[in-house]
$ cat coords_6.pdb   # PDB, C-alpha atoms
MODEL        1
ATOM      1  CA  MET W   1      54.469 -30.032 110.038  1.00  0.00           C
ATOM      2  CA  THR W   2      54.331 -33.054 112.362  1.00  0.00           C
ATOM      3  CA  GLU W   3      55.445 -32.291 115.901  1.00  0.00           C
ATOM      4  CA  GLU W   4      58.563 -34.060 117.143  1.00  0.00           C
ATOM      5  CA  ARG W   5      58.013 -36.966 119.522  1.00  0.00           C
ATOM      6  CA  PHE W   6      60.397 -37.985 122.290  1.00  0.00           C
ATOM      7  CA  ASP W   7      60.892 -41.118 124.372  1.00  0.00           C
ATOM      8  CA  ILE W   8      60.044 -40.245 127.983  1.00  0.00           C
ATOM      9  CA  PHE W   9      61.506 -41.739 131.169  1.00  0.00           C
ATOM     10  CA  ASP W  10      60.717 -42.060 134.861  1.00  0.00           C
ATOM     11  CA  GLU W  11      62.969 -40.896 137.708  1.00  0.00           C
ATOM     12  CA  SER W  12      64.922 -44.164 137.611  1.00  0.00           C
ATOM     13  CA  GLY W  13      65.716 -43.747 133.914  1.00  0.00           C
ATOM     14  CA  GLN W  14      63.316 -46.389 132.636  1.00  0.00           C
ATOM     15  CA  GLN W  15      61.443 -45.584 129.442  1.00  0.00           C
ATOM     16  CA  ILE W  16      57.722 -45.209 130.102  1.00  0.00           C
ATOM     17  CA  GLY W  17      56.371 -44.062 126.751  1.00  0.00           C
ATOM     18  CA  VAL W  18      56.509 -41.576 123.886  1.00  0.00           C
ATOM     19  CA  GLU W  19      55.146 -38.037 123.956  1.00  0.00           C
ATOM     20  CA  ALA W  20      54.964 -34.921 121.758  1.00  0.00           C
ATOM     21  CA  ARG W  21      57.660 -32.279 122.317  1.00  0.00           C
ATOM     22  CA  SER W  22      55.230 -29.622 123.552  1.00  0.00           C
ATOM     23  CA  GLU W  23      53.713 -32.001 126.111  1.00  0.00           C
ATOM     24  CA  VAL W  24      57.127 -33.189 127.290  1.00  0.00           C
ATOM     25  CA  HIS W  25      58.179 -29.606 128.029  1.00  0.00           C
ATOM     26  CA  ARG W  26      54.790 -28.665 129.495  1.00  0.00           C
ATOM     27  CA  LYS W  27      54.631 -31.618 131.910  1.00  0.00           C
ATOM     28  CA  GLY W  28      58.341 -31.861 132.663  1.00  0.00           C
ATOM     29  CA  ASP W  29      58.933 -35.410 131.460  1.00  0.00           C
ATOM     30  CA  TRP W  30      62.493 -36.723 131.410  1.00  0.00           C
ATOM     31  CA  HIS W  31      63.745 -37.058 127.820  1.00  0.00           C
ATOM     32  CA  GLN W  32      67.048 -37.582 126.020  1.00  0.00           C
ATOM     33  CA  THR W  33      69.361 -35.050 124.413  1.00  0.00           C
ATOM     34  CA  PHE W  34      72.718 -35.147 122.629  1.00  0.00           C
ATOM     35  CA  HIS W  35      75.411 -32.641 123.657  1.00  0.00           C
ATOM     36  CA  CYS W  36      78.821 -32.211 122.052  1.00  0.00           C
ATOM     37  CA  TRP W  37      81.426 -29.766 123.301  1.00  0.00           C
ATOM     38  CA  LEU W  38      84.326 -28.746 121.070  1.00  0.00           C
ATOM     39  CA  TYR W  39      87.495 -27.753 122.886  1.00  0.00           C
ATOM     40  CA  ARG W  40      91.054 -26.725 122.117  1.00  0.00           C
ATOM     41  CA  VAL W  41      94.294 -25.839 123.870  1.00  0.00           C
ATOM     42  CA  HIS W  42      95.253 -22.317 122.796  1.00  0.00           C
ATOM     43  CA  ASN W  43      98.419 -20.633 124.079  1.00  0.00           C
ATOM     44  CA  GLY W  44      98.599 -23.314 126.761  1.00  0.00           C
ATOM     45  CA  GLN W  45      95.031 -22.668 127.958  1.00  0.00           C
ATOM     46  CA  LEU W  46      91.996 -24.946 127.640  1.00  0.00           C
ATOM     47  CA  GLU W  47      89.062 -23.279 125.850  1.00  0.00           C
ATOM     48  CA  LEU W  48      85.499 -24.367 125.061  1.00  0.00           C
ATOM     49  CA  LEU W  49      83.584 -23.284 121.973  1.00  0.00           C
ATOM     50  CA  PHE W  50      80.100 -21.889 122.667  1.00  0.00           C
ATOM     51  CA  GLN W  51      77.328 -21.277 120.172  1.00  0.00           C
ATOM     52  CA  LYS W  52      75.081 -18.240 120.473  1.00  0.00           C
ATOM     53  CA  ARG W  53      71.474 -19.367 120.174  1.00  0.00           C
ATOM     54  CA  HIS W  54      69.067 -17.722 117.776  1.00  0.00           C
ATOM     55  CA  PRO W  55      66.829 -15.065 119.384  1.00  0.00           C
ATOM     56  CA  GLU W  56      63.672 -16.945 118.314  1.00  0.00           C
ATOM     57  CA  LYS W  57      64.544 -20.265 120.004  1.00  0.00           C
ATOM     58  CA  ASP W  58      61.850 -21.506 122.426  1.00  0.00           C
ATOM     59  CA  THR W  59      64.455 -22.188 125.109  1.00  0.00           C
ATOM     60  CA  GLY W  60      67.503 -20.072 125.896  1.00  0.00           C
ATOM     61  CA  PRO W  61      67.084 -17.467 123.134  1.00  0.00           C
ATOM     62  CA  ASN W  62      70.148 -15.276 122.503  1.00  0.00           C
ATOM     63  CA  LEU W  63      72.213 -17.121 125.127  1.00  0.00           C
ATOM     64  CA  LEU W  64      75.554 -18.909 124.888  1.00  0.00           C
ATOM     65  CA  ASP W  65      75.261 -22.698 124.961  1.00  0.00           C
ATOM     66  CA  ILE W  66      76.888 -26.056 124.211  1.00  0.00           C
ATOM     67  CA  THR W  67      78.790 -26.051 120.915  1.00  0.00           C
ATOM     68  CA  SER W  68      76.196 -28.367 119.371  1.00  0.00           C
ATOM     69  CA  ALA W  69      73.179 -30.050 120.921  1.00  0.00           C
ATOM     70  CA  GLY W  70      69.714 -31.337 120.173  1.00  0.00           C
ATOM     71  CA  HIS W  71      66.925 -33.635 121.249  1.00  0.00           C
ATOM     72  CA  LEU W  72      66.978 -37.336 120.459  1.00  0.00           C
ATOM     73  CA  LEU W  73      63.726 -38.307 118.769  1.00  0.00           C
ATOM     74  CA  ALA W  74      61.682 -41.344 119.757  1.00  0.00           C
ATOM     75  CA  GLY W  75      63.625 -44.506 118.987  1.00  0.00           C
ATOM     76  CA  GLU W  76      66.947 -42.751 118.443  1.00  0.00           C
ATOM     77  CA  ARG W  77      70.233 -43.592 120.150  1.00  0.00           C
ATOM     78  CA  PRO W  78      73.020 -41.223 121.249  1.00  0.00           C
ATOM     79  CA  CYS W  79      75.035 -42.026 118.106  1.00  0.00           C
ATOM     80  CA  ASP W  80      72.210 -40.515 116.038  1.00  0.00           C
ATOM     81  CA  GLY W  81      72.898 -37.154 117.644  1.00  0.00           C
ATOM     82  CA  VAL W  82      76.022 -36.519 115.549  1.00  0.00           C
ATOM     83  CA  ARG W  83      73.661 -35.111 112.921  1.00  0.00           C
ATOM     84  CA  GLU W  84      73.483 -31.982 115.094  1.00  0.00           C
ATOM     85  CA  LEU W  85      77.135 -31.186 114.383  1.00  0.00           C
ATOM     86  CA  GLU W  86      76.514 -31.273 110.655  1.00  0.00           C
ATOM     87  CA  GLU W  87      73.163 -29.477 110.772  1.00  0.00           C
ATOM     88  CA  GLU W  88      74.220 -26.664 113.122  1.00  0.00           C
ATOM     89  CA  LEU W  89      77.904 -26.279 112.261  1.00  0.00           C
ATOM     90  CA  GLY W  90      78.502 -28.038 108.940  1.00  0.00           C
ATOM     91  CA  LEU W  91      80.913 -30.375 110.724  1.00  0.00           C
ATOM     92  CA  VAL W  92      80.861 -34.012 109.583  1.00  0.00           C
ATOM     93  CA  VAL W  93      82.199 -36.154 112.440  1.00  0.00           C
ATOM     94  CA  PRO W  94      81.972 -39.946 112.880  1.00  0.00           C
ATOM     95  CA  TYR W  95      80.445 -40.927 116.218  1.00  0.00           C
ATOM     96  CA  GLU W  96      83.561 -42.984 117.033  1.00  0.00           C
ATOM     97  CA  LYS W  97      85.669 -39.824 117.095  1.00  0.00           C
ATOM     98  CA  LEU W  98      83.738 -38.358 120.020  1.00  0.00           C
ATOM     99  CA  ARG W  99      84.851 -38.874 123.612  1.00  0.00           C
ATOM    100  CA  GLN W 100      82.043 -39.715 126.002  1.00  0.00           C
ATOM    101  CA  ILE W 101      81.655 -37.724 129.207  1.00  0.00           C
ATOM    102  CA  GLY W 102      78.541 -39.591 130.338  1.00  0.00           C
ATOM    103  CA  VAL W 103      74.838 -39.104 130.977  1.00  0.00           C
ATOM    104  CA  ILE W 104      74.204 -35.975 133.038  1.00  0.00           C
ATOM    105  CA  ARG W 105      70.773 -35.025 134.375  1.00  0.00           C
ATOM    106  CA  ASP W 106      69.982 -31.376 133.856  1.00  0.00           C
ATOM    107  CA  VAL W 107      66.811 -29.407 134.613  1.00  0.00           C
ATOM    108  CA  ILE W 108      66.106 -25.956 133.194  1.00  0.00           C
ATOM    109  CA  THR W 109      62.841 -24.112 133.769  1.00  0.00           C
ATOM    110  CA  SER W 110      61.491 -21.072 131.951  1.00  0.00           C
ATOM    111  CA  PRO W 111      57.977 -19.636 131.547  1.00  0.00           C
ATOM    112  CA  GLY W 112      55.720 -22.469 130.367  1.00  0.00           C
ATOM    113  CA  ILE W 113      58.609 -24.935 129.970  1.00  0.00           C
ATOM    114  CA  ILE W 114      60.066 -27.571 132.309  1.00  0.00           C
ATOM    115  CA  ASP W 115      63.039 -29.036 130.452  1.00  0.00           C
ATOM    116  CA  LYS W 116      64.222 -32.212 132.219  1.00  0.00           C
ATOM    117  CA  GLU W 117      67.002 -33.742 130.170  1.00  0.00           C
ATOM    118  CA  LEU W 118      68.982 -36.964 130.298  1.00  0.00           C
ATOM    119  CA  CYS W 119      71.974 -35.470 128.493  1.00  0.00           C
ATOM    120  CA  HIS W 120      74.268 -37.810 126.580  1.00  0.00           C
ATOM    121  CA  VAL W 121      77.369 -35.624 126.737  1.00  0.00           C
ATOM    122  CA  PHE W 122      80.393 -35.906 124.458  1.00  0.00           C
ATOM    123  CA  ALA W 123      83.402 -33.769 123.601  1.00  0.00           C
ATOM    124  CA  MET W 124      85.989 -33.540 120.848  1.00  0.00           C
ATOM    125  CA  GLU W 125      89.197 -31.590 120.450  1.00  0.00           C
ATOM    126  CA  CYS W 126      88.859 -29.366 117.391  1.00  0.00           C
ATOM    127  CA  ASP W 127      90.791 -26.261 116.396  1.00  0.00           C
ATOM    128  CA  GLN W 128      89.148 -25.746 113.015  1.00  0.00           C
ATOM    129  CA  PRO W 129      89.311 -22.054 112.003  1.00  0.00           C
ATOM    130  CA  LEU W 130      86.005 -20.402 112.840  1.00  0.00           C
ATOM    131  CA  HIS W 131      85.491 -19.115 109.307  1.00  0.00           C
ATOM    132  CA  GLU W 132      85.213 -22.733 108.091  1.00  0.00           C
ATOM    133  CA  TYR W 133      82.080 -23.475 110.125  1.00  0.00           C
ATOM    134  CA  ARG W 134      78.785 -23.328 108.223  1.00  0.00           C
ATOM    135  CA  LEU W 135      76.101 -22.199 110.637  1.00  0.00           C
ATOM    136  CA  GLN W 136      72.445 -23.205 110.566  1.00  0.00           C
ATOM    137  CA  LYS W 137      71.199 -19.606 110.511  1.00  0.00           C
ATOM    138  CA  GLU W 138      67.824 -20.329 112.121  1.00  0.00           C
ATOM    139  CA  GLU W 139      69.555 -22.018 115.085  1.00  0.00           C
ATOM    140  CA  VAL W 140      72.988 -20.448 115.633  1.00  0.00           C
ATOM    141  CA  THR W 141      74.078 -16.804 115.372  1.00  0.00           C
ATOM    142  CA  GLY W 142      77.731 -17.037 116.384  1.00  0.00           C
ATOM    143  CA  LEU W 143      80.626 -19.044 117.828  1.00  0.00           C
ATOM    144  CA  LEU W 144      82.822 -17.889 120.711  1.00  0.00           C
ATOM    145  CA  TRP W 145      85.817 -19.399 122.510  1.00  0.00           C
ATOM    146  CA  VAL W 146      85.909 -19.080 126.329  1.00  0.00           C
ATOM    147  CA  ASN W 147      88.707 -20.036 128.735  1.00  0.00           C
ATOM    148  CA  VAL W 148      87.708 -22.978 130.977  1.00  0.00           C
ATOM    149  CA  GLN W 149      89.602 -21.755 134.029  1.00  0.00           C
ATOM    150  CA  GLU W 150      87.727 -18.470 133.827  1.00  0.00           C
ATOM    151  CA  LEU W 151      84.439 -20.307 133.287  1.00  0.00           C
ATOM    152  CA  GLU W 152      84.985 -22.324 136.459  1.00  0.00           C
ATOM    153  CA  ALA W 153      85.516 -19.102 138.402  1.00  0.00           C
ATOM    154  CA  LEU W 154      82.454 -17.510 136.785  1.00  0.00           C
ATOM    155  CA  PHE W 155      80.106 -20.362 137.738  1.00  0.00           C
ATOM    156  CA  ALA W 156      81.608 -20.454 141.235  1.00  0.00           C
ATOM    157  CA  ASP W 157      80.694 -16.741 141.554  1.00  0.00           C
ATOM    158  CA  GLU W 158      84.375 -15.826 141.874  1.00  0.00           C
ATOM    159  CA  LEU W 159      84.307 -13.709 138.707  1.00  0.00           C
ATOM    160  CA  SER W 160      81.519 -11.429 137.507  1.00  0.00           C
ATOM    161  CA  GLN W 161      82.399 -11.707 133.807  1.00  0.00           C
ATOM    162  CA  VAL W 162      84.780 -13.478 131.419  1.00  0.00           C
ATOM    163  CA  ALA W 163      86.129 -12.857 127.934  1.00  0.00           C
ATOM    164  CA  ALA W 164      84.582 -14.530 124.881  1.00  0.00           C
ATOM    165  CA  LYS W 165      86.167 -14.260 121.445  1.00  0.00           C
ATOM    166  CA  GLY W 166      85.022 -15.394 118.000  1.00  0.00           C
ATOM    167  CA  PHE W 167      82.333 -14.120 115.664  1.00  0.00           C
ATOM    168  CA  LEU W 168      78.654 -13.185 115.621  1.00  0.00           C
ATOM    169  CA  THR W 169      76.224 -12.665 112.754  1.00  0.00           C
ATOM    170  CA  ASP W 170      73.949  -9.725 112.033  1.00  0.00           C
ATOM    171  CA  ALA W 171      70.298  -9.833 110.945  1.00  0.00           C
ATOM    172  CA  ALA W 172      71.364 -10.453 107.355  1.00  0.00           C
ATOM    173  CA  GLY W 173      73.568 -13.365 108.361  1.00  0.00           C
ATOM    174  CA  GLU W 174      76.828 -11.492 107.758  1.00  0.00           C
ATOM    175  CA  ARG W 175      79.646 -12.386 110.139  1.00  0.00           C
ATOM    176  CA  TYR W 176      81.712  -9.956 112.154  1.00  0.00           C
ATOM    177  CA  ASP W 177      84.555 -10.533 114.612  1.00  0.00           C
ATOM    178  CA  ALA W 178      83.482 -10.314 118.238  1.00  0.00           C
ATOM    179  CA  SER W 179      85.444  -9.919 121.444  1.00  0.00           C
ATOM    180  CA  LEU W 180      83.219  -9.292 124.433  1.00  0.00           C
ATOM    181  CA  MET W 181      82.830  -9.711 128.154  1.00  0.00           C
ATOM    182  CA  VAL W 182      80.010 -12.034 129.194  1.00  0.00           C
ATOM    183  CA  LYS W 183      78.279 -12.663 132.525  1.00  0.00           C
ATOM    184  CA  GLN W 184      76.780 -15.821 133.990  1.00  0.00           C
ATOM    185  CA  SER W 185      73.358 -14.591 132.842  1.00  0.00           C
ATOM    186  CA  ASP W 186      74.590 -14.652 129.219  1.00  0.00           C
ATOM    187  CA  PHE W 187      74.814 -18.469 129.330  1.00  0.00           C
ATOM    188  CA  VAL W 188      71.998 -21.022 129.143  1.00  0.00           C
ATOM    189  CA  PRO W 189      71.278 -21.755 132.834  1.00  0.00           C
ATOM    190  CA  HIS W 190      72.346 -25.383 132.947  1.00  0.00           C
ATOM    191  CA  GLU W 191      72.683 -26.592 136.511  1.00  0.00           C
ATOM    192  CA  VAL W 192      76.096 -25.835 138.012  1.00  0.00           C
ATOM    193  CA  HIS W 193      76.869 -29.537 138.456  1.00  0.00           C
ATOM    194  CA  TYR W 194      76.413 -30.001 134.696  1.00  0.00           C
ATOM    195  CA  TYR W 195      79.097 -27.457 133.856  1.00  0.00           C
ATOM    196  CA  GLN W 196      81.392 -28.805 136.584  1.00  0.00           C
ATOM    197  CA  GLU W 197      81.200 -32.372 135.247  1.00  0.00           C
ATOM    198  CA  VAL W 198      81.959 -31.199 131.708  1.00  0.00           C
ATOM    199  CA  PHE W 199      84.921 -29.065 132.788  1.00  0.00           C
ATOM    200  CA  GLN W 200      86.426 -31.793 134.974  1.00  0.00           C
ATOM    201  CA  ALA W 201      86.071 -34.514 132.351  1.00  0.00           C
ATOM    202  CA  ILE W 202      87.789 -32.538 129.602  1.00  0.00           C
ATOM    203  CA  LYS W 203      90.549 -31.315 131.931  1.00  0.00           C
ATOM    204  CA  SER W 204      91.246 -34.932 132.964  1.00  0.00           C
ATOM    205  CA  TRP W 205      92.009 -35.867 129.354  1.00  0.00           C
ATOM    206  CA  LEU W 206      94.788 -33.287 128.932  1.00  0.00           C
TER     207      LEU W 206
ENDMDL
END
$ encode --input "coords_6.pdb" --output "structure tokens"
Amino acid sequence: MTEERFDIFDESGQQIGVEARSEVHRKGDWHQTFHCWLYRVHNGQLELLFQKRHPEKDTGPNLLDITSAGHLLAGERPCDGVRELEEELGLVVPYEKLRQIGVIRDVITSPGIIDKELCHVFAMECDQPLHEYRLQKEEVTGLLWVNVQELEALFADELSQVAAKGFLTDAAGERYDASLMVKQSDFVPHEVHYYQEVFQAIKSWL
């Protein structure tokens, strides 16, 4: 299988070439990603929908992350990223329906990987029942709603854990209802400013 190739960028955001995925993550080249957050207002409270990443993912295995996200391949534009919603969640959404938050720089490091992303971040209000989502089983193992006000307190180290409610899947792919308490370490370690910008943007729309 041919390895994915990404456009790479310098510190000023200018494209400087194309490189294989493994090299991009090994060397820490800036590259582009598509992020889409689904949110809802439930019982008067703003909530974000998190996906639980598959335990065999090369980055952030088993952690809670953006509702849907993925790398943009060489030559792709942000609008091409909507495919991630359909691939990961079975959700067909026209690009025009998404609300743009902006481009947020985010750096995550893990053993052998320096992930420096120029994140094209979008959001969409969506209260589709969770049982209607069709998960990409090799990518996503659950969906959980989390209160934004509690998330803000969690990432400000004012709370040690917050409630997450939705469903998870077992090894056979069967779904079961889940209501659990999660800590900051249960989330993909995006930089704090990334989460803050997402929270503030969505709150400003309501």
$ closest_residue --input "coords_6.pdb" --among "W:Val146, W:Val103, W:Ala153, W:Ala164" --to "W:His35" --atoms "all atoms listed in the file"
W:Val103
$ atom_distance --input "coords_6.pdb" --atom1 "atom CA of W:Ile101" --atom2 "atom CA of W:Glu125"
13.1 Å
$ closest_residue --input "coords_6.pdb" --among "W:Arg53, W:Arg26, W:His42, W:His71" --to "W:Glu84" --atoms "all atoms listed in the file"
W:His71
$ atom_distance --input "coords_6.pdb" --atom1 "atom CA of W:Ala74" --atom2 "atom CA of W:Val24"
12.0 Å
$ resolve_selection --input "coords_6.pdb" --expression "the PyMOL selection byres ((chain W and resi 122) around 7)" --output "MDAnalysis selection string"
chainID W and resid 35:37 98:101 120:121 123
$ closest_residue --input "coords_6.pdb" --among "W:Lys165, W:His54, W:His131, W:His31" --to "W:Trp145" --atoms "all atoms listed in the file"
W:Lys165
$ atom_distance --input "coords_6.pdb" --atom1 "atom CA of W:Ile114" --atom2 "atom CA of W:Asp7"
15.7 Å
$ resolve_selection --input "coords_6.pdb" --expression "the PyMOL selection byres ((chain W and resi 193-205) around 12)" --output "short mmCIF file (atom, residue, chain, number, x, y, z; two decimals) with C-alpha atoms, in the frame of the given file"
data_model
loop_
_atom_site.label_atom_id
_atom_site.label_comp_id
_atom_site.auth_asym_id
_atom_site.auth_seq_id
_atom_site.Cartn_x
_atom_site.Cartn_y
_atom_site.Cartn_z
CA HIS W 35 75.41 -32.64 123.66
CA CYS W 36 78.82 -32.21 122.05
CA TRP W 37 81.43 -29.77 123.30
CA LEU W 38 84.33 -28.75 121.07
CA TYR W 39 87.50 -27.75 122.89
CA ARG W 40 91.05 -26.72 122.12
CA VAL W 41 94.29 -25.84 123.87
CA GLN W 45 95.03 -22.67 127.96
CA LEU W 46 92.00 -24.95 127.64
CA GLU W 47 89.06 -23.28 125.85
CA LEU W 48 85.50 -24.37 125.06
CA ASP W 65 75.26 -22.70 124.96
CA ILE W 66 76.89 -26.06 124.21
CA LEU W 98 83.74 -38.36 120.02
CA ARG W 99 84.85 -38.87 123.61
CA GLN W 100 82.04 -39.72 126.00
CA ILE W 101 81.66 -37.72 129.21
CA GLY W 102 78.54 -39.59 130.34
CA VAL W 103 74.84 -39.10 130.98
CA ILE W 104 74.20 -35.98 133.04
CA ARG W 105 70.77 -35.02 134.38
CA ASP W 106 69.98 -31.38 133.86
CA VAL W 107 66.81 -29.41 134.61
CA ILE W 108 66.11 -25.96 133.19
CA GLU W 117 67.00 -33.74 130.17
CA LEU W 118 68.98 -36.96 130.30
CA CYS W 119 71.97 -35.47 128.49
CA HIS W 120 74.27 -37.81 126.58
CA VAL W 121 77.37 -35.62 126.74
CA PHE W 122 80.39 -35.91 124.46
CA ALA W 123 83.40 -33.77 123.60
CA MET W 124 85.99 -33.54 120.85
CA GLU W 125 89.20 -31.59 120.45
CA VAL W 146 85.91 -19.08 126.33
CA ASN W 147 88.71 -20.04 128.74
CA VAL W 148 87.71 -22.98 130.98
CA GLN W 149 89.60 -21.76 134.03
CA GLU W 150 87.73 -18.47 133.83
CA LEU W 151 84.44 -20.31 133.29
CA GLU W 152 84.98 -22.32 136.46
CA ALA W 153 85.52 -19.10 138.40
CA LEU W 154 82.45 -17.51 136.78
CA PHE W 155 80.11 -20.36 137.74
CA ALA W 156 81.61 -20.45 141.24
CA GLN W 184 76.78 -15.82 133.99
CA PHE W 187 74.81 -18.47 129.33
CA VAL W 188 72.00 -21.02 129.14
CA PRO W 189 71.28 -21.76 132.83
CA HIS W 190 72.35 -25.38 132.95
CA GLU W 191 72.68 -26.59 136.51
CA VAL W 192 76.10 -25.84 138.01
CA LEU W 206 94.79 -33.29 128.93
#
$ resolve_selection --input "coords_6.pdb" --expression "the PyMOL selection byres ((chain W and resi 10) around 12)" --output "VMD selection string"
chain W and resid 7 to 9 11 to 18 28 to 32 116 to 118
$ closest_residue --input "coords_6.pdb" --among "W:Leu49, W:Ala178, W:Ala69, W:Leu135" --to "W:Leu91" --atoms "only C-alpha atoms"
W:Leu135
$ closest_atom_pairs --input "coords_6.pdb" --of "stretch 47-92 of chain W" --to "stretch 166-174 of chain W" --cutoff "10 Å" --atoms "all atoms listed in the file" --output "CSV"
residue,atom,partner,partner_atom,distance
W:Leu49,CA,W:Gly166,CA,9.0
W:Phe50,CA,W:Gly166,CA,9.4
W:Gln51,CA,W:Leu168,CA,9.4
W:Lys52,CA,W:Leu168,CA,7.9
$ closest_residue --input "coords_6.pdb" --among "W:Tyr133, W:Asp177, W:Lys27, W:Glu158" --to "W:Glu86" --atoms "only C-alpha atoms"
W:Tyr133
$ residues_around --input "coords_6.pdb" --residues "W:Lys57" --least-positions-apart "5" --cutoff "10 Å" --atoms "all atoms listed in the file" --output "VMD selection string"
chain W and resid 62 to 63 138 to 140
$ axis_aligned_box --input "coords_6.pdb" --around "stretch 79-96 of chain W" --padding-each-side "4 Å" --output "AutoDock Vina command-line options"
--center_x 77.9 --center_y -34.6 --center_z 113.5 --size_x 19.4 --size_y 24.7 --size_z 17.2
$ closest_residue --input "coords_6.pdb" --among "W:Gln136, W:Gly112, W:Pro55, W:Arg175" --to "W:Leu85" --atoms "all atoms listed in the file"
W:Gln136
